[in-house]
Protein chains: 4
Amino acid sequence: MQNQFFPDIPRINYEGPESRNPLAFKFYQPDRKIGDKTMEQHLRFSVAYWHTLTGTGADPFGVGANLRPWLSISDPMEQARARMRACFEILEKLQVPFFCFHDRDIAPEAETLRETNRNLDQIVELTRELIADSGKQLLWGTACLFNHPRYVHGAATSCNADVFAYAAAQVKKAIEVTHYLGGRNYVFWGGREGYDTLLNTDMGLELDNLARFLHMAVDYAAEIGFTGQLLIEPKPKEPTVHQYDSDVESCLNFLRAYNLLDHFKINIEQNHAILAGHTYQHEIHMARINGVLGSMDANEGAYLLGWDTDQMATNIYEAVFALYEVLKAGGLAPGGLNFDAKLRRPSFQPDDIFIGHIAAMDTYARALEIAHNLLGAGEIEDFIAERYRSYREGIGRKIADGSIGFKELELYALEHDRIVNSSGRREMLEAIVNRYL
Amino acid sequence: MQNQFFPDIPRINYEGPESRNPLAFKFYQPDRKIGDKTMEQHLRFSVAYWHTLTGTGADPFGVGANLRPWLSISDPMEQARARMRACFEILEKLQVPFFCFHDRDIAPEAETLRETNRNLDQIVELTRELIADSGKQLLWGTACLFNHPRYVHGAATSCNADVFAYAAAQVKKAIEVTHYLGGRNYVFWGGREGYDTLLNTDMGLELDNLARFLHMAVDYAAEIGFTGQLLIEPKPKEPTVHQYDSDVESCLNFLRAYNLLDHFKINIEQNHAILAGHTYQHEIHMARINGVLGSMDANEGAYLLGWDTDQMATNIYEAVFALYEVLKAGGLAPGGLNFDAKLRRPSFQPDDIFIGHIAAMDTYARALEIAHNLLGAGEIEDFIAERYRSYREGIGRKIADGSIGFKELELYALEHDRIVNSSGRREMLEAIVNRYL
Amino acid sequence: MQNQFFPDIPRINYEGPESRNPLAFKFYQPDRKIGDKTMEQHLRFSVAYWHTLTGTGADPFGVGANLRPWLSISDPMEQARARMRACFEILEKLQVPFFCFHDRDIAPEAETLRETNRNLDQIVELTRELIADSGKQLLWGTACLFNHPRYVHGAATSCNADVFAYAAAQVKKAIEVTHYLGGRNYVFWGGREGYDTLLNTDMGLELDNLARFLHMAVDYAAEIGFTGQLLIEPKPKEPTVHQYDSDVESCLNFLRAYNLLDHFKINIEQNHAILAGHTYQHEIHMARINGVLGSMDANEGAYLLGWDTDQMATNIYEAVFALYEVLKAGGLAPGGLNFDAKLRRPSFQPDDIFIGHIAAMDTYARALEIAHNLLGAGEIEDFIAERYRSYREGIGRKIADGSIGFKELELYALEHDRIVNSSGRREMLEAIVNRYL
Amino acid sequence: MQNQFFPDIPRINYEGPESRNPLAFKFYQPDRKIGDKTMEQHLRFSVAYWHTLTGTGADPFGVGANLRPWLSISDPMEQARARMRACFEILEKLQVPFFCFHDRDIAPEAETLRETNRNLDQIVELTRELIADSGKQLLWGTACLFNHPRYVHGAATSCNADVFAYAAAQVKKAIEVTHYLGGRNYVFWGGREGYDTLLNTDMGLELDNLARFLHMAVDYAAEIGFTGQLLIEPKPKEPTVHQYDSDVESCLNFLRAYNLLDHFKINIEQNHAILAGHTYQHEIHMARINGVLGSMDANEGAYLLGWDTDQMATNIYEAVFALYEVLKAGGLAPGGLNFDAKLRRPSFQPDDIFIGHIAAMDTYARALEIAHNLLGAGEIEDFIAERYRSYREGIGRKIADGSIGFKELELYALEHDRIVNSSGRREMLEAIVNRYL
């Protein structure tokens, strides 16, 4: 195994819950069977290139604080190559099977688009070799359409048609690259697709353009034979004041309105969910019952802060409820659990990369077992089935099969107006969940 | 004019902005023309029966504090009759042309549904006479499906089919009553249509049932010849933890998914909008460009508090941006501006009813003139038109007419990768708005 | 044991974590030693009379839904007696040693203050007997200064001096009653002590009056020999727009400014903490290091909702971090853990009272063991001690002992400007906490 | 007048409310008398160097987008000189009398602290000349203790004593520089003085150290004869999870606890206020009645977003309520209204600097006149005086002068228990404010 960038970090192994070794798994055992699949097969962990490799630890009040071995390399392309090799060292040492990237994370932008593409091609070749050597896989690729000043007014929703064209060129290339690297999915997160103020915005035109852009992407993916899943990632409030894809339902509405529902699924992030005022579970559940649960950005946000903190997930409840939905959906593949998470700025040391991912992997590993047991025991499912029993018989059945209308229901109600309900038992159900923790 | 309940309150007249008389309009002049319509025709004000007549001033920490002349009447039906007469006295004195109610606001619930309907019928007869005598109109009717314990788990989304039936009977009757009284619209606010916890909820079934319920309502309205507009009113977070109709886009998604989009428009409330994390203008704009702007609940919420405070609207900015959208939509009819607002609990005196409505009516009257001038001057509209000019020519035009795809756009972008953007000018545009204030 | 009101509910016993009996403890064993005290001694659980006995399950959108055996008793005083007896049945069956009440929770208000006091005295006599018979204790008493319309503008901060006087009379009586019943503490929660709008408020006078009121209370308690602890309970935003005692620091500022710091400690509630934008642990920690940690309202709020939901606590993390602070403080006595929590409205059955309390008691019992183990292991404490080591030697020691100023520090810094920091290790520390769960 | 950096921008003159010239004042007339002072004397506007000169337009999702004439200068010191000259061109063209800076805004950091100080000294000399030539003044200086990685764990509250020493050296120098330039105030904003997680924090020690640091600053300022006002600026939530100086009351508590109240006043920012859950007016009012209103950061935040957006102020209500308090305080001097505001990232053109400041200056100019008229008319003040009349006579007077206790008040209350309150009239008062708009 490669040992170039983090020579003091060993391969991370399982040592069990009693271990105090920060560089060991306490719960994650890739080969351990949970039901009919191994932990690795269930969880499909992925490292997010932008936070883990390209991120500097800067925040709005301070410059980058991260100590990273490749930062001493001054040539941008050499640094990019080093970062990619470091990525695979991380994947191997952490036993993580997947990674994700934006085009500009892995290769630097140059003076012209043509040169930028050449930069990208070179790093993609290296990446393809590293994939072949390691067996690691690309969970998804995407294009960064928000960092450069050209995207200051959006990309597909820019008021400037030249920007739309540039974004199209960039996504075309990013889909090609994802396809070339065997990527399982391609993600659209609408970086600056939204507005800052309605005072300067033609929202109708912008939404139409966004739909045109996505249809072009669907067509082009088909043309080159990319059969990976296309995903939209909802997020509200950042970086624009109103992001068009603000939550799962706004995405569903958009996809339905523009006949795109057959082509896209949703990539759900915990922090984006709570910023939209929904629980993580709500968003996953909503996607699941609409058949669009695609993949997940398994990070964690701070409920008392108002922005995307993208923390390493360590809250077992959040992970349990998320995986409960995933298990009910029959799994996430071809999606996965991508750690779209960054270390806190004070965790700036290289070994924090490993410690942070271990914390999140152990959290999800433990949550997987809990969710599996909870679902297997059936206490929750049985309660729900019993609770809605009235729709499987009598008047309820007629309601459910559509054989009845207001007039018949009124006659029924006039004769049955002494209604008896049963407790919703939320406190009992929460205590049941705690028993499985 | 009737002068029974508020003998000390005169008819409220316009006295101009210099008047310090709390019982006079400073801006609202019903007959004053703004563009081609009078203020009254534009604004279509409506009194909300529940807050203004039925409300007691109770809050979660205190019992009712409101002093109201009808509260000394102990017989529930007599009190209900008095309240309805008081409503018309308020409408006349305030020169408000419309009112809105839930079925249970106007008539008390009895032991059986049959008796409850009889109570309702009696008050409806009185109401019909008062309408005929006064020329006042019913903006919309609705059914209260959230107050009684039978609806503790929802109405159309209850886990109990008997509750669904009861709710159907209640809505059937409420549509009939609305029709009988010449109501212009019928509103569905999903009181407790949502969930408290996913641990006890079959969300898929609940949403299916909600759609079945609305289809039945559509069918029944057609059957009895009710041609008023059906409206859905979005609201998040209250009273259930997750309300299904949480914002305009969630409603649109639901209506599209269940083939209901042709039958419903949206009733937008300021306070509900901001609880959902959107501006009032955003929600109205979103409804407008989707062709579903139906009516408005013209109240105001507290941005720093987290629940539906339903305040009398006094913020001129909020009203200007709302009416700007209404003017662009060509007006609200058959909808209107309903004061779904309650006096603060410390404003418990009877004259506060008038003072509060005057405050809101003057706010909207003044905002109407500002919005009209702003739209007429065209400074904002011209800026937007110029900003998106690139989509009416060259490559932008090809994007907009769909005659181009990723490959052509890439060729274009490779030759046009030195992009020049222009400032979005938000600060300038906000200063322009201030000039019209 | 009394078995009058809940004949179907047995005494709740410990059955262990495998039990599926909703009417059994899975974790709480009152006599089990955790360190040098039993669970019961550590946790000092208390039932909140207002939510559990007096509460009806009403919310702003619906009337009371709770089914309670005493609601069929129409005479108010008879109902009050039944409720108090029911309280002791609950305390005994749940093995809860303490309870808390507001004066008006236990006895109904009458026409005059004199009669109201008589009502209260009668129930207090009954309560004293029940205490004597059962060994149960009063954790704290308080006065309800927010429910009645007379308090619409506040009590000690009312603009009406007659209201101040009435409130004084009420608190005088409530302290007497608390003293008579052997209450361990007396709580001031500033119900409506705050303002609705600054447009009608003399905040300076109101704060002065609040301080005068509390000084009078201190004096009167001393005069009658009440040696229980006086407590202030912070809460922001509800029911007034701005509550004066909004969080621990605002209380500390107030107590310092008015020379009250020697007489009061703080009663901290989880839901109030998060509404103020702080974690529960933050507020407890802040109180602890300022020597004012008095007691706790051990409920739980909904992070995504904006009001005081007062849920039964079921989140183990919240309880662990709270009890970690309590253990570091050396315990809570004479304070306790009061379940200032209400069942969700859909949990309206009588047995939900027991199920809900069991859920919370098991949560805190389990958290106690976790917190004890975490503190005992010392992993967190050792990390912190090591992290601040630099203040126990060299330049840091001089800083800490005050023997140095800016000039000396500048000389030092000019020679030591290549600073080396260490990682804050938040991810590692969170993973350590998870190991103890 | 200097015309080097913005050759196309004229001196900004008053053209009146009808002007559509974006480069003219519509309301601000520096010499116009409002009461006994000119607008300039009342408002004491200040440009914030960090946002307006040093800021790049970067945000967490994109690199700097601002086009600025000095960015083409590659030598850091030459660029710093150009920026300072540009600052004075802006001050003169905008007719703004004051500016503010952090040490690192004006001069670049070098390899060693000694060299950094030399860089600073050079720019300070230039600044002193520019001040002398222009008559412009330094409202306040401060030190940037949050941007560099050395401050990753805080400055005065760092766990690393070497960092405390470095921060002390930096503040010592910044006070000297502020003194040398005739600065009227010196501000402490506790950049990273707070914590990320309690799991790694000794909050007691950190607060003690912060107090030690401020005492050293007080002593050193006295030693060198700096008589400017020392100010603390509260802010919650950013950049640390919990900032120690979170709002006015937390600052007051800290200042009281550590005997610093005689030495500090408060610098209040609108956006920080609302992030703390308070209105801007609340924070100013609280500071005013505690005698610590020092200065104001006159920006504006987005109520629906959860971070410090630092927008140019354009909301007239916010400015009116703020200036109403300032007028009641008798003015702000030696403080001022500092535009701690940045242009939205899409407003990246150089002329947006002027357009943005004009928007804010006109907003505050107009608000000044409104607030002056509102206060002069006395409608609000008279209402409040009447509302609290009961404390100037009878029982209320005895309460206010401390000549009465609970026992006398009980006797009074028993005889006066039929309390009559009056309406709080919030709606009327808000309508009155609107009349002055």
# chains A, B, ... in the order shown; residues from 1 in each chain; ligands from 1

$ closest_atom_pairs --of "chain D" --to "chain C" --cutoff "7 Å" --atoms "only C-alpha atoms" --output "tab-separated table"
residue	atom	partner	partner_atom	distance
D:Thr112	CA	C:Asp417	CA	6.6
D:Leu113	CA	C:Leu414	CA	6.0
D:Arg114	CA	C:Leu414	CA	6.4
D:Arg150	CA	C:Ile419	CA	6.4
D:Cys159	CA	C:Tyr388	CA	4.9
D:Asn160	CA	C:Ser390	CA	5.9
D:Ala161	CA	C:Gly396	CA	4.8
D:Asp162	CA	C:Ile419	CA	6.8
D:Ala165	CA	C:Leu409	CA	5.0
D:Tyr166	CA	C:Ala413	CA	4.9
D:Ala168	CA	C:Phe406	CA	5.6
D:Ala169	CA	C:Glu410	CA	4.2
D:Lys172	CA	C:Phe406	CA	6.2
D:Thr197	CA	C:Arg426	CA	6.9
D:Leu199	CA	C:Ile380	CA	6.6
D:Asn200	CA	C:Ile384	CA	5.3
D:Thr201	CA	C:Ile384	CA	6.3
D:Asp202	CA	C:Ile384	CA	6.8
D:Gly204	CA	C:Ile289	CA	6.3
D:Met216	CA	C:Gly405	CA	5.6
D:Tyr220	CA	C:Phe406	CA	6.8
D:Glu249	CA	C:Ser250	CA	5.4
D:Ser250	CA	C:Glu249	CA	5.4
D:Leu252	CA	C:Asn253	CA	6.3
D:Asn253	CA	C:Asn253	CA	4.2
D:Ile289	CA	C:Gly204	CA	6.3
D:Ile380	CA	C:Leu199	CA	6.6
D:Phe383	CA	C:Asn200	CA	7.0
D:Ile384	CA	C:Asn200	CA	5.3
D:Arg387	CA	C:Cys159	CA	6.2
D:Tyr388	CA	C:Cys159	CA	4.9
D:Ser390	CA	C:Ala161	CA	5.6
D:Tyr391	CA	C:Ala161	CA	6.0
D:Ile395	CA	C:Ala161	CA	6.7
D:Gly396	CA	C:Ala161	CA	4.8
D:Gly405	CA	C:Met216	CA	5.6
D:Phe406	CA	C:Ala168	CA	5.6
D:Leu409	CA	C:Ala165	CA	5.0
D:Glu410	CA	C:Ala169	CA	4.2
D:Tyr412	CA	C:Ala165	CA	6.9
D:Ala413	CA	C:Tyr166	CA	4.9
D:Leu414	CA	C:Leu113	CA	6.0
D:Asp417	CA	C:Leu113	CA	6.3
D:Ile419	CA	C:Arg150	CA	6.4
D:Asn421	CA	C:Arg150	CA	7.0
D:Gly424	CA	C:Asn200	CA	6.8
D:Arg426	CA	C:Thr197	CA	6.9
D:Leu429	CA	C:Leu199	CA	6.6

$ select_by_dssp --residues "region 141-318 of chain D" --states "helix (DSSP H, G or I)" --output "PyMOL selection string"
chain D and resi 149-151+161-180+198-200+203-224+248-257+270-275+280-289+316-318

$ residues_around --residues "Leu145 (chain B)" --least-positions-apart "3" --cutoff "8 Å" --atoms "only C-alpha atoms" --output "PyMOL selection string"
chain B and resi 148+151+154-155+167+190-192

$ write_last_selection --atoms "all heavy atoms" --output "tab-separated table (two decimals), in the first residue's frame"
chain	number	residue	atom	x	y	z
B	148	HIS	N	-61.27	20.32	16.90
B	148	HIS	CA	-61.92	19.28	17.71
B	148	HIS	C	-60.96	18.08	17.91
B	148	HIS	O	-60.22	17.74	16.99
B	148	HIS	CB	-63.19	18.82	17.00
B	148	HIS	CG	-64.07	17.98	17.86
B	148	HIS	ND1	-63.84	16.64	18.06
B	148	HIS	CD2	-65.16	18.28	18.59
B	148	HIS	CE1	-64.77	16.15	18.86
B	148	HIS	NE2	-65.58	17.13	19.20
B	151	TYR	N	-59.98	15.40	15.32
B	151	TYR	CA	-58.97	15.64	14.29
B	151	TYR	C	-57.55	15.63	14.85
B	151	TYR	O	-56.63	16.15	14.22
B	151	TYR	CB	-59.27	16.98	13.60
B	151	TYR	CG	-60.57	16.97	12.82
B	151	TYR	CD1	-61.58	17.89	13.09
B	151	TYR	CD2	-60.78	16.04	11.81
B	151	TYR	CE1	-62.77	17.87	12.38
B	151	TYR	CE2	-61.97	16.01	11.10
B	151	TYR	CZ	-62.97	16.93	11.39
B	151	TYR	OH	-64.15	16.91	10.68
B	154	GLY	N	-55.23	14.46	12.36
B	154	GLY	CA	-55.50	14.95	11.01
B	154	GLY	C	-56.94	14.70	10.61
B	154	GLY	O	-57.73	14.13	11.37
B	155	ALA	N	-57.29	15.15	9.40
B	155	ALA	CA	-58.66	14.98	8.90
B	155	ALA	C	-58.59	14.05	7.69
B	155	ALA	O	-58.75	12.84	7.82
B	155	ALA	CB	-59.26	16.34	8.56
B	167	ALA	N	-64.75	14.34	8.12
B	167	ALA	CA	-64.20	15.53	7.47
B	167	ALA	C	-64.86	15.74	6.11
B	167	ALA	O	-65.15	16.88	5.71
B	167	ALA	CB	-62.69	15.39	7.32
B	190	GLY	N	-54.70	22.93	5.38
B	190	GLY	CA	-54.60	21.58	5.91
B	190	GLY	C	-54.31	21.52	7.38
B	190	GLY	O	-53.38	20.84	7.80
B	191	GLY	N	-55.09	22.24	8.16
B	191	GLY	CA	-55.00	22.21	9.63
B	191	GLY	C	-54.00	21.21	10.19
B	191	GLY	O	-52.85	21.53	10.39
B	192	ARG	N	-54.45	20.01	10.40
B	192	ARG	CA	-53.53	19.00	10.96
B	192	ARG	C	-53.16	17.95	9.92
B	192	ARG	O	-52.85	16.81	10.27
B	192	ARG	CB	-54.14	18.36	12.20
B	192	ARG	CG	-54.32	19.36	13.34
B	192	ARG	CD	-54.75	18.75	14.65
B	192	ARG	NE	-55.17	19.80	15.57
B	192	ARG	CZ	-54.34	20.42	16.44
B	192	ARG	NH1	-53.10	20.06	16.54
B	192	ARG	NH2	-54.81	21.38	17.22

$ atom_distance --atom1 "CA of Val187 (chain B)" --atom2 "CA of Gly64 (chain C)"
25.3 Å

$ select_by_dssp --residues "region 8-234 of chain C" --states "strand (DSSP E or B)" --output "ChimeraX atom specification"
/C:13-14,24-25,33-34,37-38,45-48,59,62,98-102,137-142,185-189,194-195,229-233

$ write_last_selection --atoms "N, CA, C and O atoms" --output "compact mmCIF listing (two decimals), in the first residue's frame"
# COMPACT_ATOMS: atom_id res chain seq x y z
N ASN C 13 -42.09 -1.00 37.49
CA ASN C 13 -40.88 -1.63 37.99
C ASN C 13 -39.82 -1.76 36.89
O ASN C 13 -40.13 -1.67 35.71
N TYR C 14 -38.61 -2.02 37.34
CA TYR C 14 -37.51 -2.23 36.41
C TYR C 14 -37.59 -3.64 35.83
O TYR C 14 -37.69 -4.61 36.58
N ALA C 24 -42.93 -0.54 32.01
CA ALA C 24 -41.82 -0.98 32.87
C ALA C 24 -40.60 -0.12 32.54
O ALA C 24 -40.46 0.39 31.43
N PHE C 25 -39.75 0.05 33.56
CA PHE C 25 -38.47 0.71 33.30
C PHE C 25 -37.50 -0.26 32.64
O PHE C 25 -37.41 -1.42 33.03
N LYS C 33 -26.66 1.96 42.63
CA LYS C 33 -25.61 2.92 42.91
C LYS C 33 -24.85 3.27 41.62
O LYS C 33 -24.41 2.38 40.89
N ILE C 34 -24.71 4.55 41.39
CA ILE C 34 -23.83 5.05 40.34
C ILE C 34 -22.83 5.92 41.08
O ILE C 34 -23.18 7.01 41.54
N LYS C 37 -23.73 7.50 44.95
CA LYS C 37 -25.14 7.80 45.21
C LYS C 37 -26.02 6.88 44.37
O LYS C 37 -25.60 6.39 43.33
N THR C 38 -27.24 6.70 44.83
CA THR C 38 -28.18 5.91 44.02
C THR C 38 -28.69 6.77 42.86
O THR C 38 -28.58 7.99 42.87
N PHE C 45 -35.86 13.17 40.41
CA PHE C 45 -36.93 13.41 39.43
C PHE C 45 -38.13 14.10 40.06
O PHE C 45 -38.47 13.87 41.22
N SER C 46 -38.78 14.90 39.25
CA SER C 46 -39.96 15.63 39.71
C SER C 46 -41.01 15.69 38.61
O SER C 46 -40.68 15.90 37.43
N VAL C 47 -42.27 15.50 38.99
CA VAL C 47 -43.38 15.65 38.05
C VAL C 47 -43.86 17.11 38.08
O VAL C 47 -43.99 17.71 39.14
N ALA C 48 -44.08 17.65 36.87
CA ALA C 48 -44.58 19.04 36.75
C ALA C 48 -46.10 19.01 36.75
O ALA C 48 -46.73 18.48 35.83
N ASP C 59 -53.81 23.21 22.20
CA ASP C 59 -52.73 23.96 21.58
C ASP C 59 -53.37 25.13 20.83
O ASP C 59 -54.60 25.27 20.84
N GLY C 62 -56.25 23.93 18.66
CA GLY C 62 -57.24 22.94 19.05
C GLY C 62 -57.48 22.90 20.54
O GLY C 62 -56.58 23.17 21.34
N PHE C 98 -40.37 13.71 43.76
CA PHE C 98 -40.71 15.12 43.89
C PHE C 98 -41.82 15.54 42.92
O PHE C 98 -42.08 14.88 41.93
N PHE C 99 -42.42 16.68 43.25
CA PHE C 99 -43.32 17.34 42.30
C PHE C 99 -43.17 18.85 42.45
O PHE C 99 -42.55 19.33 43.41
N CYS C 100 -43.68 19.59 41.48
CA CYS C 100 -43.62 21.05 41.45
C CYS C 100 -44.98 21.58 41.02
O CYS C 100 -45.68 20.91 40.27
N PHE C 101 -45.31 22.79 41.47
CA PHE C 101 -46.59 23.37 41.00
C PHE C 101 -46.55 24.89 41.01
O PHE C 101 -45.73 25.51 41.70
N HIS C 102 -47.43 25.51 40.23
CA HIS C 102 -47.83 26.90 40.38
C HIS C 102 -49.07 26.91 41.28
O HIS C 102 -49.89 25.98 41.23
N GLN C 137 -42.03 14.68 48.13
CA GLN C 137 -41.64 16.03 48.53
C GLN C 137 -41.91 17.05 47.43
O GLN C 137 -41.96 16.71 46.25
N LEU C 138 -42.02 18.28 47.88
CA LEU C 138 -42.21 19.39 46.95
C LEU C 138 -40.84 19.92 46.52
O LEU C 138 -40.10 20.47 47.35
N LEU C 139 -40.48 19.75 45.27
CA LEU C 139 -39.19 20.26 44.79
C LEU C 139 -39.21 21.78 44.77
O LEU C 139 -38.31 22.42 45.27
N TRP C 140 -40.25 22.32 44.18
CA TRP C 140 -40.42 23.79 44.24
C TRP C 140 -41.85 24.19 43.98
O TRP C 140 -42.62 23.49 43.34
N GLY C 141 -42.16 25.34 44.54
CA GLY C 141 -43.44 25.99 44.27
C GLY C 141 -43.19 27.26 43.50
O GLY C 141 -42.06 27.76 43.43
N THR C 142 -44.27 27.78 42.93
CA THR C 142 -44.16 29.05 42.21
C THR C 142 -45.57 29.62 42.06
O THR C 142 -46.56 28.96 42.39
N ASN C 185 -37.25 24.58 47.08
CA ASN C 185 -36.87 25.74 46.28
C ASN C 185 -38.14 26.53 45.97
O ASN C 185 -39.25 26.01 46.08
N TYR C 186 -37.93 27.76 45.56
CA TYR C 186 -39.04 28.56 45.04
C TYR C 186 -38.56 29.20 43.74
O TYR C 186 -37.49 29.80 43.68
N VAL C 187 -39.38 29.05 42.68
CA VAL C 187 -38.96 29.46 41.34
C VAL C 187 -39.70 30.71 40.87
O VAL C 187 -40.91 30.85 41.06
N PHE C 188 -38.94 31.60 40.24
CA PHE C 188 -39.51 32.74 39.54
C PHE C 188 -39.29 32.54 38.04
O PHE C 188 -38.16 32.65 37.56
N TRP C 189 -40.35 32.22 37.33
CA TRP C 189 -40.26 32.27 35.87
C TRP C 189 -41.07 33.49 35.47
O TRP C 189 -42.25 33.61 35.80
N GLY C 194 -41.61 41.08 30.32
CA GLY C 194 -40.92 41.36 29.08
C GLY C 194 -41.75 42.38 28.34
O GLY C 194 -42.63 43.02 28.93
N TYR C 195 -41.51 42.54 27.06
CA TYR C 195 -42.32 43.52 26.34
C TYR C 195 -42.78 42.98 25.00
O TYR C 195 -42.18 42.05 24.44
N GLN C 229 -34.00 27.38 48.37
CA GLN C 229 -33.26 28.17 47.39
C GLN C 229 -34.23 28.93 46.49
O GLN C 229 -35.18 28.34 45.97
N LEU C 230 -33.98 30.23 46.27
CA LEU C 230 -34.74 30.99 45.29
C LEU C 230 -34.09 30.80 43.91
O LEU C 230 -32.87 30.85 43.79
N LEU C 231 -34.93 30.60 42.92
CA LEU C 231 -34.42 30.31 41.57
C LEU C 231 -35.08 31.22 40.54
O LEU C 231 -36.27 31.51 40.64
N ILE C 232 -34.30 31.64 39.56
CA ILE C 232 -34.87 32.32 38.39
C ILE C 232 -34.77 31.37 37.21
O ILE C 232 -33.77 30.68 37.04
N GLU C 233 -35.80 31.36 36.40
CA GLU C 233 -35.80 30.46 35.24
C GLU C 233 -35.78 31.28 33.96
O GLU C 233 -36.74 31.96 33.64

$ closest_residue --among "D:Cys87, D:Leu94, D:Ala222, D:Leu368" --to "Ile12 (chain D)" --atoms "only C-alpha atoms"
D:Leu94

$ residues_around --residues "region 298-306 of chain D" --least-positions-apart "6" --cutoff "9 Å" --atoms "only C-alpha atoms" --output "PyMOL selection string"
(chain A and resi 237-238+241+305-307) or (chain B and resi 274-275+277-279+303-304) or (chain D and resi 45+268-272+274-275+312-315+318-319+337-342+360+364)
